[in-house]
Amino acid sequence: MSDLATLQVHGTIGVLRIHNPPVNALSPKVVQGIKNAVDQFEADRRLQALVVHADGRTFVAGGDIAEFSKPGFEAKTFNGTLARIESLDRPVIAALHGTVLGGGLELAMACHYRIAVEGTRLGLPEVLLGILPGSLGTQRLPRLVGARLALDMILSGKPIDAAKALDSGLVDALVEPGGNDALLERALVYVQELLGAGKGPRRTRDRTPAMEGIEADFFDKALAEAKTKKGAYPAPQRIVRCVQAAATLPFEEGEAVEAALFEECRASPQSVAMRHLFFAERAAGKIPGVPADFTARPIRKVGVLGAGTMGGGIAMNFANAGIPVTIVETSAEALERGLGIVRKNYEASAAKGKLRPDDPAKRMALLTGSLRVEDLADCDLVIEAVFENMDIKKQVAKQLGTVCKAGAIIASNTSTLDVNILAQASGRPADFLGTHFFSPANVMRLLEIVRGDATAPDVLGTVVKLARTIGKVPVVSGVCYGFIGNRMLEPYLRESEFLMMEGASPAQIDGAIQSLGLPMGPCRMLDLAGLDVAAKVVIERGKAGGLPDDPSYRAVVQKMMALGRFGQKTGAGYYRYDGRNPVPDLEVERICVALAEQHGITRRKSSDISDEEIIERCVYPLINEGAKILEEEIAYRPGDIDLVWVNGYGFPDFRGGPMHMADTIGLQKIAARLDHYGSQRGDRHGYWSRAGLLTEMITGGHRFADWPFN
Ligand code: 3HC
Ligand code: NAI
């Protein structure tokens, strides 16, 4: 007998109690426990009603996602149990709290009545995992809330709150918050009220979905939209077909449609990739050397030094989470300009309806500008986002080491400098780390957290936790040039430039990369970021002795900067710009021809350079660099690297990130192609030298998914 779900008896009421911490996911044992409890309830004729209730912080938050990848997985057992619950001849009431998601909501919808604590969130987020609700969610939700809202909820995966659930008919009554025991007590009272009023079972399956606002071509339009906007994903089009089935077919027929389409989604490589990312995100919070029960330092006030492109965006993250920020600048003009941009950003969001009208003022009130670094003395965390220059940053670190109170955390937003040197300069290396936000810092989800040699475990743990509070995906990186993301970007950009000098056009390179599902190829990305910024990074690195002894290395971007072609902002870069539209520019070809001649690079006809070659030459070295990063323990796991690329660089989630994609392609193939390009091009600079780890993995028959192997 499973004790993860049991039947308890309260007078004449049965209580099906689910207890599978932390989120009561529906593991096979829980499903078995529910089935047994239903057997017992069926047999016990003294019981007049059944309450379904879960322990801990939430009602069931979904099917057990780990189970979906196991051989022999099938949804049938649970669906059969739900059908039995719905068929019971005495009323069944679900008592809901926390996050009622996926299989949890499907369980609740198979019950006859639902009550929920105020603030409960209810939804079907399966689409975010590349699947669709597989336990009749697509059939029961339209019958409760109507086809339009159901389709909206299932396609977006976004939960609704209890108040909206009450309005739309998904729940029948709200309960004031007061803890789990109080919820159960309230549910038992609710049952008595039902029984007193002579109310019996009320089966969702017997209802007809409300079709308000559903015109004749509603589903055709929804299908076409899912195809255009989300064609690369397996679930959206199938979700439309399921909800259409709910709206037009008898329940049993809709059930068969859902079962078949669920299985197609579950088995798809895209869903496997998205499920991988779900677990990668959770694993990334587990950091070697930081105990699970570490005590976080309280962060009640944050300081930001520098109100430029990054400083303003960084400050917004904290204000959005209700944390007050002091921003320090060197001049009143710079401060005014920085805060002005933040205000404009907030006002634009409010104008688009993304914020309430009074939010901009409320958030701005949390930001205090200052010209005195001493005003950061009461902050619990200070992030410097001043110019990227070692001397300036060292000076700033030293100043912060003196000004910040004892116990405060000091962070640098540097993108290229050695965090260990800055940590030493602060005089408080244990309190110091890197927080590498991505631009725009208020939008991009990724936060690379750079662990210095001396960073204290509680400092690292605190910042990882705080990152989640402000809605970021934190990934810890060790210290190296470019950390995880930009270090891997380097060989990708290197090859894209060599391809240009060999004869491929920027549009051709971008087209090949975009065919993988990235929103932008390397040329458009750099045009947007600024070719001056990109070239300066290369030049600075060269000065520091960090470049290969190869004058053709990143020659294109440096030439572009010298010619004043800074990208979109100057109207020309790798493309010419017609407004914001990139237009191929013959001048770029002339520049590349001249560079090829200068560096002795043989040109080919662009039509002789295939998309396959572009993808292999840009992406395989990037994967190879990822393997080197793992080997050097700069990243703790392949999944961490995947998160960096999906959340920081637009790598498509349906490919699971570069390391997951490497498994899909096959490591042997990748190694063979690296060797091929190495021998074809002559590898004087070691551009194609394989990571030792890659060879080791091939010999051992490992995949990145098997990490850690030993
Ligand atoms: N299956 C398996 N494990 C799950 C899980 C699930 N559905 N949901 C959460 N977990 C695990 C996490 O992996 C994590 O494990 P760890 O501690 O070992 O890393 C632990 O539960 C706690 O999760 P979080 O760290 O995410 O906790 P939060 O409190 O931040 O968030 C949550 C809680 C909102 C429930 C969030 O975990 C979540 O969104 N979970 C996924 C919900 C979901 O997608 N449900 C649908 C599943 S698919 C389904 O039901 C199919 C059905 O139609 C057949
Ligand atoms: P920026 O030039 O837009 O802003 C820097 C600001 O710092 C300026 O407003 C300047 O007046 C101010 N400043 C300089 N010295 C100061 C001091 N001693 N005290 C207070 N303020 C001072 O630069 P940006 O782009 O915001 O970059 C900041 C940091 O973030 C750099 O380390 C950069 O490498 C890093 N970064 C930048 C990204 C980007 O896309 N712009 C992405 C990720 C990191």
# chains A, B, ... in the order shown; residues from 1 in each chain; ligands from 1

call {"tool": "closest_atom_pairs", "arguments": {"of": "chain A", "to": "ligand 1", "cutoff": "9 Å", "atoms": "only C-alpha atoms and all ligand atoms", "output": "Markdown table"}}
result
| residue | atom | partner | partner_atom_place_in_ligand_line | distance |
| --- | --- | --- | --- | --- |
| A:Pro21 | CA | ligand 1 | 21 (O) | 7.7 |
| A:Pro22 | CA | ligand 1 | 21 (O) | 5.5 |
| A:Val23 | CA | ligand 1 | 21 (O) | 5.5 |
| A:Asn24 | CA | ligand 1 | 5 (C) | 8.0 |
| A:Ala25 | CA | ligand 1 | 6 (C) | 5.1 |
| A:Leu26 | CA | ligand 1 | 1 (N) | 7.2 |
| A:Ser27 | CA | ligand 1 | 1 (N) | 7.8 |
| A:Arg57 | CA | ligand 1 | 29 (O) | 8.2 |
| A:Thr58 | CA | ligand 1 | 35 (C) | 7.7 |
| A:Val60 | CA | ligand 1 | 35 (C) | 8.1 |
| A:Ala61 | CA | ligand 1 | 35 (C) | 4.8 |
| A:Gly62 | CA | ligand 1 | 50 (O) | 3.6 |
| A:Gly63 | CA | ligand 1 | 50 (O) | 3.5 |
| A:Asp64 | CA | ligand 1 | 1 (N) | 3.4 |
| A:Ile65 | CA | ligand 1 | 1 (N) | 4.0 |
| A:Ala66 | CA | ligand 1 | 2 (C) | 5.6 |
| A:Glu67 | CA | ligand 1 | 2 (C) | 7.9 |
| A:Phe68 | CA | ligand 1 | 51 (C) | 8.5 |
| A:Ala75 | CA | ligand 1 | 54 (C) | 6.4 |
| A:Phe78 | CA | ligand 1 | 54 (C) | 8.3 |
| A:Asn79 | CA | ligand 1 | 54 (C) | 8.6 |
| A:Gly98 | CA | ligand 1 | 35 (C) | 8.2 |
| A:Thr99 | CA | ligand 1 | 35 (C) | 5.8 |
| A:Val100 | CA | ligand 1 | 35 (C) | 7.8 |
| A:Leu101 | CA | ligand 1 | 45 (N) | 5.0 |
| A:Gly102 | CA | ligand 1 | 50 (O) | 3.6 |
| A:Gly103 | CA | ligand 1 | 50 (O) | 3.7 |
| A:Gly104 | CA | ligand 1 | 50 (O) | 6.6 |
| A:Leu105 | CA | ligand 1 | 50 (O) | 8.2 |
| A:Glu106 | CA | ligand 1 | 53 (O) | 7.0 |
| A:Gly123 | CA | ligand 1 | 45 (N) | 8.5 |
| A:Leu124 | CA | ligand 1 | 46 (C) | 6.5 |
| A:Pro125 | CA | ligand 1 | 44 (O) | 5.1 |
| A:Glu126 | CA | ligand 1 | 48 (S) | 5.0 |
| A:Val127 | CA | ligand 1 | 44 (O) | 8.5 |
| A:Leu128 | CA | ligand 1 | 44 (O) | 7.2 |
| A:Leu129 | CA | ligand 1 | 44 (O) | 6.9 |
| A:Ile131 | CA | ligand 1 | 51 (C) | 7.7 |
| A:Leu132 | CA | ligand 1 | 53 (O) | 6.4 |
| A:Pro133 | CA | ligand 1 | 53 (O) | 3.4 |
| A:Gly134 | CA | ligand 1 | 53 (O) | 4.1 |
| A:Ser135 | CA | ligand 1 | 54 (C) | 4.9 |
| A:Leu136 | CA | ligand 1 | 53 (O) | 7.5 |
| A:Gly137 | CA | ligand 1 | 53 (O) | 6.6 |
| A:Thr138 | CA | ligand 1 | 53 (O) | 8.9 |
| A:Gly157 | CA | ligand 1 | 44 (O) | 8.7 |
| A:Phe262 | CA | ligand 1 | 53 (O) | 8.6 |
| A:Phe278 | CA | ligand 1 | 13 (O) | 7.5 |
| A:Phe279 | CA | ligand 1 | 13 (O) | 5.8 |
| A:Ala280 | CA | ligand 1 | 13 (O) | 8.9 |
| A:Glu281 | CA | ligand 1 | 26 (O) | 8.4 |
| A:Arg282 | CA | ligand 1 | 19 (O) | 4.7 |
| A:Ala283 | CA | ligand 1 | 19 (O) | 5.8 |
| A:Ala284 | CA | ligand 1 | 19 (O) | 8.8 |
| A:Gly285 | CA | ligand 1 | 19 (O) | 7.9 |
| A:Lys286 | CA | ligand 1 | 19 (O) | 8.0 |
| A:Arg468 | CA | ligand 1 | 30 (O) | 8.6 |

call {"tool": "closest_atom_pairs", "arguments": {"of": "chain A", "to": "ligand 2", "cutoff": "6 Å", "atoms": "only C-alpha atoms and all ligand atoms", "output": "Markdown table"}}
result
| residue | atom | partner | partner_atom_place_in_ligand_line | distance |
| --- | --- | --- | --- | --- |
| A:Leu305 | CA | ligand 2 | 20 (C) | 4.7 |
| A:Gly306 | CA | ligand 2 | 21 (N) | 3.5 |
| A:Ala307 | CA | ligand 2 | 9 (O) | 4.8 |
| A:Gly308 | CA | ligand 2 | 4 (O) | 3.3 |
| A:Thr309 | CA | ligand 2 | 26 (O) | 3.7 |
| A:Met310 | CA | ligand 2 | 26 (O) | 3.6 |
| A:Gly311 | CA | ligand 2 | 26 (O) | 5.5 |
| A:Val328 | CA | ligand 2 | 20 (C) | 5.3 |
| A:Glu329 | CA | ligand 2 | 20 (C) | 3.9 |
| A:Thr330 | CA | ligand 2 | 20 (C) | 4.8 |
| A:Ala334 | CA | ligand 2 | 9 (O) | 5.5 |
| A:Ala385 | CA | ligand 2 | 29 (C) | 4.1 |
| A:Val386 | CA | ligand 2 | 7 (O) | 3.5 |
| A:Phe387 | CA | ligand 2 | 5 (C) | 4.7 |
| A:Glu388 | CA | ligand 2 | 32 (O) | 4.0 |
| A:Val396 | CA | ligand 2 | 18 (N) | 5.8 |
| A:Asn413 | CA | ligand 2 | 30 (O) | 5.0 |
| A:Thr414 | CA | ligand 2 | 32 (O) | 3.7 |
| A:Ser415 | CA | ligand 2 | 34 (O) | 4.5 |
| A:His436 | CA | ligand 2 | 44 (C) | 5.8 |
| A:Phe437 | CA | ligand 2 | 43 (C) | 5.4 |
| A:Phe438 | CA | ligand 2 | 43 (C) | 4.9 |
| A:Ser439 | CA | ligand 2 | 40 (O) | 4.7 |

call {"tool": "atom_distance", "arguments": {"atom1": "atom CA of A:Ala635", "atom2": "atom CA of A:Val475"}}
result
8.4 Å

call {"tool": "select_by_dssp", "arguments": {"residues": "stretch 152-343 of chain A", "states": "strand (DSSP E or B)", "output": "number ranges by chain"}}
result
A: 160-161, 173-175, 302-305, 325-328

call {"tool": "closest_residue", "arguments": {"among": "A:Ile513, A:Ala627, A:Ile591, A:Val145", "to": "A:Ile484", "atoms": "only C-alpha atoms"}}
result
A:Ala627

call {"tool": "residues_around", "arguments": {"residues": "A:Ala216", "least_positions_apart": "4", "cutoff": "12 Å", "atoms": "only C-alpha atoms", "output": "JSON, numbers by chain"}}
result
{"A": [211, 212, 220, 221, 222, 244, 247, 248]}

call {"tool": "write_last_selection", "arguments": {"atoms": "all heavy atoms", "output": "compact mmCIF listing (two decimals), in the first residue's frame"}}
result
# COMPACT_ATOMS: atom_id res chain seq x y z
N MET A 211 -19.93 27.99 -25.74
CA MET A 211 -19.31 28.36 -27.02
C MET A 211 -19.40 29.86 -27.27
O MET A 211 -19.35 30.31 -28.41
CB MET A 211 -19.98 27.59 -28.16
CG MET A 211 -19.84 26.09 -28.05
SD MET A 211 -18.14 25.56 -28.30
CE MET A 211 -18.11 25.60 -30.08
N GLU A 212 -19.51 30.63 -26.18
CA GLU A 212 -19.62 32.08 -26.34
C GLU A 212 -18.41 32.64 -27.08
O GLU A 212 -17.27 32.30 -26.74
CB GLU A 212 -19.65 32.73 -24.95
CG GLU A 212 -21.03 33.14 -24.53
CD GLU A 212 -21.03 33.39 -23.04
OE1 GLU A 212 -20.22 34.20 -22.57
OE2 GLU A 212 -21.87 32.74 -22.36
N ASP A 220 -10.33 27.07 -37.01
CA ASP A 220 -9.45 27.15 -38.18
C ASP A 220 -8.44 28.27 -38.01
O ASP A 220 -7.25 28.12 -38.29
CB ASP A 220 -10.27 27.42 -39.46
CG ASP A 220 -11.11 26.22 -39.83
OD1 ASP A 220 -10.81 25.12 -39.30
OD2 ASP A 220 -12.08 26.37 -40.61
N LYS A 221 -8.95 29.41 -37.52
CA LYS A 221 -8.06 30.56 -37.31
C LYS A 221 -7.01 30.23 -36.25
O LYS A 221 -5.84 30.56 -36.40
CB LYS A 221 -8.87 31.77 -36.85
CG LYS A 221 -9.48 32.56 -37.99
CD LYS A 221 -10.00 33.85 -37.40
CE LYS A 221 -10.69 34.71 -38.42
NZ LYS A 221 -11.64 35.64 -37.79
N ALA A 222 -7.48 29.60 -35.16
CA ALA A 222 -6.55 29.28 -34.06
C ALA A 222 -5.48 28.31 -34.55
O ALA A 222 -4.30 28.43 -34.19
CB ALA A 222 -7.32 28.68 -32.89
N GLN A 244 -11.01 21.67 -29.95
CA GLN A 244 -12.08 21.58 -30.97
C GLN A 244 -12.87 20.27 -30.79
O GLN A 244 -14.10 20.27 -30.87
CB GLN A 244 -11.46 21.62 -32.37
CG GLN A 244 -12.51 21.61 -33.47
CD GLN A 244 -11.89 21.89 -34.84
OE1 GLN A 244 -10.69 21.68 -35.05
NE2 GLN A 244 -12.70 22.38 -35.76
N ALA A 247 -15.23 20.60 -28.05
CA ALA A 247 -16.37 21.46 -28.37
C ALA A 247 -17.34 20.79 -29.34
O ALA A 247 -18.50 21.20 -29.42
CB ALA A 247 -15.86 22.77 -28.96
N THR A 248 -16.89 19.80 -30.06
CA THR A 248 -17.73 19.28 -31.14
C THR A 248 -18.04 17.78 -31.05
O THR A 248 -18.93 17.30 -31.75
CB THR A 248 -17.05 19.53 -32.51
OG1 THR A 248 -15.72 19.00 -32.45
CG2 THR A 248 -16.98 21.00 -32.85

call {"tool": "residues_around", "arguments": {"residues": "A:Leu674", "least_positions_apart": "2", "cutoff": "12 Å", "atoms": "only C-alpha atoms", "output": "PyMOL selection string"}}
result
chain A and resi 613+616-625+667-672+676-683+686-691+694-695

call {"tool": "write_last_selection", "arguments": {"atoms": "N, CA, C and O atoms", "output": "tab-separated table (two decimals), in the first residue's frame"}}
result
chain	number	residue	atom	x	y	z
A	613	GLU	N	27.32	23.31	-43.95
A	613	GLU	CA	28.69	23.70	-43.57
A	613	GLU	C	28.64	24.88	-42.59
A	613	GLU	O	29.38	24.90	-41.59
A	616	GLU	N	27.57	23.55	-39.20
A	616	GLU	CA	28.63	22.73	-38.58
A	616	GLU	C	29.80	23.60	-38.13
A	616	GLU	O	30.34	23.42	-37.04
A	617	ARG	N	30.17	24.55	-38.96
A	617	ARG	CA	31.36	25.34	-38.63
A	617	ARG	C	31.10	26.36	-37.53
A	617	ARG	O	32.01	26.73	-36.79
A	618	CYS	N	29.88	26.85	-37.42
A	618	CYS	CA	29.60	27.81	-36.34
A	618	CYS	C	29.21	27.09	-35.03
A	618	CYS	O	29.64	27.49	-33.95
A	619	VAL	N	28.40	26.05	-35.14
A	619	VAL	CA	27.83	25.47	-33.93
A	619	VAL	C	28.71	24.37	-33.32
A	619	VAL	O	28.80	24.27	-32.09
A	620	TYR	N	29.37	23.56	-34.14
A	620	TYR	CA	30.14	22.46	-33.54
A	620	TYR	C	31.32	22.95	-32.69
A	620	TYR	O	31.56	22.42	-31.60
A	621	PRO	N	32.06	23.99	-33.13
A	621	PRO	CA	33.11	24.50	-32.25
A	621	PRO	C	32.55	25.10	-30.96
A	621	PRO	O	33.21	25.06	-29.91
A	622	LEU	N	31.35	25.65	-31.05
A	622	LEU	CA	30.70	26.20	-29.86
A	622	LEU	C	30.42	25.06	-28.86
A	622	LEU	O	30.68	25.17	-27.66
A	623	ILE	N	29.94	23.95	-29.38
A	623	ILE	CA	29.69	22.78	-28.53
A	623	ILE	C	31.01	22.26	-27.97
A	623	ILE	O	31.13	21.92	-26.78
A	624	ASN	N	32.02	22.23	-28.81
A	624	ASN	CA	33.35	21.77	-28.39
A	624	ASN	C	33.87	22.64	-27.24
A	624	ASN	O	34.44	22.15	-26.27
A	625	GLU	N	33.64	23.95	-27.36
A	625	GLU	CA	34.07	24.87	-26.29
A	625	GLU	C	33.28	24.57	-25.01
A	625	GLU	O	33.83	24.64	-23.91
A	667	LEU	N	27.72	12.53	-30.59
A	667	LEU	CA	29.04	13.10	-30.32
A	667	LEU	C	30.07	12.61	-31.35
A	667	LEU	O	31.00	13.34	-31.70
A	668	GLN	N	29.86	11.40	-31.82
A	668	GLN	CA	30.79	10.87	-32.80
A	668	GLN	C	30.80	11.71	-34.07
A	668	GLN	O	31.84	12.02	-34.63
A	669	LYS	N	29.59	12.07	-34.49
A	669	LYS	CA	29.48	12.87	-35.71
A	669	LYS	C	30.15	14.24	-35.50
A	669	LYS	O	30.88	14.72	-36.37
A	670	ILE	N	29.88	14.83	-34.34
A	670	ILE	CA	30.47	16.15	-34.08
A	670	ILE	C	31.99	16.07	-34.10
A	670	ILE	O	32.67	16.88	-34.75
A	671	ALA	N	32.52	15.06	-33.42
A	671	ALA	CA	33.98	14.91	-33.37
A	671	ALA	C	34.53	14.69	-34.79
A	671	ALA	O	35.55	15.30	-35.16
A	672	ALA	N	33.85	13.89	-35.58
A	672	ALA	CA	34.34	13.60	-36.93
A	672	ALA	C	34.35	14.88	-37.77
A	672	ALA	O	35.29	15.12	-38.54
A	676	HIS	N	37.38	16.81	-39.44
A	676	HIS	CA	37.34	17.08	-40.89
A	676	HIS	C	37.74	18.52	-41.18
A	676	HIS	O	38.62	18.77	-42.02
A	677	TYR	N	37.11	19.48	-40.50
A	677	TYR	CA	37.43	20.88	-40.79
A	677	TYR	C	38.86	21.20	-40.37
A	677	TYR	O	39.55	21.98	-41.03
A	678	GLY	N	39.32	20.58	-39.31
A	678	GLY	CA	40.70	20.78	-38.86
A	678	GLY	C	41.68	20.35	-39.94
A	678	GLY	O	42.62	21.09	-40.26
A	679	SER	N	41.43	19.19	-40.54
A	679	SER	CA	42.41	18.72	-41.53
A	679	SER	C	42.23	19.44	-42.85
A	679	SER	O	43.18	19.76	-43.55
A	680	GLN	N	40.97	19.79	-43.18
A	680	GLN	CA	40.72	20.48	-44.44
A	680	GLN	C	41.34	21.88	-44.45
A	680	GLN	O	41.87	22.32	-45.46
A	681	ARG	N	41.27	22.54	-43.32
A	681	ARG	CA	41.69	23.94	-43.28
A	681	ARG	C	43.11	24.13	-42.72
A	681	ARG	O	43.62	25.23	-42.71
A	682	GLY	N	43.68	23.06	-42.22
A	682	GLY	CA	44.99	23.19	-41.59
A	682	GLY	C	44.75	23.88	-40.26
A	682	GLY	O	44.16	24.97	-40.24
A	683	ASP	N	45.16	23.28	-39.18
A	683	ASP	CA	44.73	23.81	-37.88
A	683	ASP	C	45.90	24.35	-37.08
A	683	ASP	O	46.18	23.90	-35.97
A	686	GLY	N	44.87	25.67	-33.57
A	686	GLY	CA	44.13	24.78	-32.66
A	686	GLY	C	42.64	25.07	-32.60
A	686	GLY	O	41.97	24.70	-31.65
A	687	TYR	N	42.10	25.77	-33.64
A	687	TYR	CA	40.67	26.11	-33.61
A	687	TYR	C	39.80	24.85	-33.57
A	687	TYR	O	38.68	24.89	-33.09
A	688	TRP	N	40.30	23.77	-34.16
A	688	TRP	CA	39.46	22.57	-34.29
A	688	TRP	C	39.86	21.46	-33.35
A	688	TRP	O	39.35	20.35	-33.45
A	689	SER	N	40.78	21.78	-32.44
A	689	SER	CA	41.23	20.69	-31.56
A	689	SER	C	40.10	20.30	-30.61
A	689	SER	O	39.48	21.14	-29.97
A	690	ARG	N	39.85	19.02	-30.59
A	690	ARG	CA	38.73	18.49	-29.80
A	690	ARG	C	38.97	18.65	-28.31
A	690	ARG	O	40.10	18.48	-27.85
A	691	ALA	N	37.90	18.89	-27.55
A	691	ALA	CA	37.99	18.83	-26.10
A	691	ALA	C	38.32	17.39	-25.73
A	691	ALA	O	37.74	16.46	-26.30
A	694	LEU	N	35.36	15.28	-24.94
A	694	LEU	CA	34.56	14.75	-26.05
A	694	LEU	C	35.09	13.36	-26.45
A	694	LEU	O	34.31	12.40	-26.60
A	695	THR	N	36.40	13.27	-26.57
A	695	THR	CA	37.01	12.00	-26.95
A	695	THR	C	36.75	10.95	-25.85
A	695	THR	O	36.36	9.82	-26.14

call {"tool": "closest_residue", "arguments": {"among": "A:Gly545, A:Gly639, A:Gly434, A:Gly650", "to": "A:Gly521", "atoms": "only C-alpha atoms"}}
result
A:Gly650

call {"tool": "residues_around", "arguments": {"residues": "A:Asp642", "least_positions_apart": "6", "cutoff": "7 Å", "atoms": "only C-alpha atoms", "output": "list in words"}}
result
Gly656, Gly657, Pro658 and Met659 of chain A

call {"tool": "residues_around", "arguments": {"residues": "stretch 340-347 of chain A", "least_positions_apart": "6", "cutoff": "10 Å", "atoms": "only C-alpha atoms", "output": "PyMOL selection string"}}
result
chain A and resi 307-309+311-313+315-316+320+334+353-361+363-364+367+442

call {"tool": "write_last_selection", "arguments": {"atoms": "C-alpha atoms", "output": "compact mmCIF listing (two decimals), in the first residue's frame"}}
result
# COMPACT_ATOMS: atom_id res chain seq x y z
CA ALA A 307 23.29 54.20 -14.37
CA GLY A 308 24.27 53.37 -17.95
CA THR A 309 22.83 50.73 -20.27
CA GLY A 311 22.97 49.79 -14.37
CA GLY A 312 19.46 51.13 -15.08
CA GLY A 313 18.16 47.72 -16.20
CA ALA A 315 18.13 48.44 -10.82
CA MET A 316 14.72 47.84 -12.45
CA ASN A 320 10.13 45.26 -9.82
CA ALA A 334 24.46 60.86 -16.14
CA GLY A 353 -0.96 47.49 -20.43
CA LYS A 354 1.88 45.36 -19.08
CA LEU A 355 1.93 47.41 -15.85
CA ARG A 356 -0.89 49.04 -13.92
CA PRO A 357 -1.13 52.82 -14.41
CA ASP A 358 0.22 53.55 -10.91
CA ASP A 359 3.10 51.03 -11.14
CA PRO A 360 5.66 53.34 -12.83
CA ALA A 361 5.42 55.89 -10.01
CA ARG A 363 8.59 51.56 -8.86
CA MET A 364 10.37 54.85 -9.45
CA LEU A 367 14.87 54.12 -6.79
CA ASN A 442 15.43 44.06 -17.11

call {"tool": "select_by_dssp", "arguments": {"residues": "stretch 103-276 of chain A", "states": "alpha helix (DSSP H)", "output": "PyMOL selection string"}}
result
chain A and resi 103-110+137-145+147-156+162-168+180-196+218-230+235-248+251-267+269-276

call {"tool": "atom_distance", "arguments": {"atom1": "atom CA of A:Lys628", "atom2": "atom CA of A:Leu693"}}
result
7.0 Å

call {"tool": "closest_residue", "arguments": {"among": "A:Ile383, A:Glu263, A:Leu107, A:Tyr233", "to": "A:Glu74", "atoms": "only C-alpha atoms"}}
result
A:Glu263

call {"tool": "atom_distance", "arguments": {"atom1": "atom CA of A:Pro708", "atom2": "atom CA of A:Glu633"}}
result
11.9 Å

call {"tool": "closest_residue", "arguments": {"among": "A:Leu261, A:Ile214, A:Leu466, A:Val646", "to": "A:His660", "atoms": "only C-alpha atoms"}}
result
A:Val646

call {"tool": "residues_around", "arguments": {"residues": "stretch 493-501 of chain A", "least_positions_apart": "3", "cutoff": "6 Å", "atoms": "only C-alpha atoms", "output": "number ranges by chain"}}
result
A: 490, 504-505, 554, 592, 596, 618

call {"tool": "write_last_selection", "arguments": {"atoms": "all heavy atoms", "output": "CSV table (one decimal), in the first residue's frame"}}
result
chain,number,residue,atom,x,y,z
A,490,GLU,N,32.6,33.0,-28.8
A,490,GLU,CA,33.8,33.3,-29.5
A,490,GLU,C,34.1,32.5,-30.7
A,490,GLU,O,34.2,33.0,-31.8
A,490,GLU,CB,35.0,33.4,-28.5
A,490,GLU,CG,36.2,34.2,-28.9
A,490,GLU,CD,35.9,35.6,-29.4
A,490,GLU,OE1,35.1,36.3,-28.7
A,490,GLU,OE2,36.5,35.9,-30.4
A,504,ALA,N,30.8,33.5,-48.0
A,504,ALA,CA,29.4,33.5,-47.6
A,504,ALA,C,28.9,34.9,-47.3
A,504,ALA,O,29.6,35.7,-46.7
A,504,ALA,CB,29.2,32.6,-46.4
A,505,SER,N,27.6,35.2,-47.6
A,505,SER,CA,27.1,36.5,-47.2
A,505,SER,C,26.6,36.5,-45.8
A,505,SER,O,26.2,35.4,-45.3
A,505,SER,CB,26.0,36.9,-48.2
A,505,SER,OG,24.9,36.2,-48.0
A,554,ARG,N,39.0,37.4,-36.3
A,554,ARG,CA,38.0,38.4,-36.1
A,554,ARG,C,38.4,39.7,-36.8
A,554,ARG,O,38.2,40.8,-36.3
A,554,ARG,CB,37.8,38.7,-34.6
A,554,ARG,CG,37.4,37.5,-33.7
A,554,ARG,CD,36.0,37.0,-34.0
A,554,ARG,NE,35.0,38.0,-34.0
A,554,ARG,CZ,34.4,38.4,-32.9
A,554,ARG,NH1,34.7,38.0,-31.7
A,554,ARG,NH2,33.4,39.3,-33.0
A,592,CYS,N,35.0,42.1,-47.5
A,592,CYS,CA,35.4,40.7,-47.3
A,592,CYS,C,36.4,40.2,-48.3
A,592,CYS,O,37.4,39.5,-48.0
A,592,CYS,CB,34.2,39.8,-47.1
A,592,CYS,SG,33.3,40.1,-45.6
A,596,ALA,N,40.1,39.0,-47.5
A,596,ALA,CA,40.5,37.6,-47.8
A,596,ALA,C,41.8,37.7,-48.6
A,596,ALA,O,42.8,36.9,-48.3
A,596,ALA,CB,39.4,37.0,-48.7
A,618,CYS,N,29.9,26.8,-37.4
A,618,CYS,CA,29.6,27.8,-36.3
A,618,CYS,C,29.2,27.1,-35.0
A,618,CYS,O,29.6,27.5,-34.0
A,618,CYS,CB,28.5,28.8,-36.7
A,618,CYS,SG,29.0,29.9,-38.1
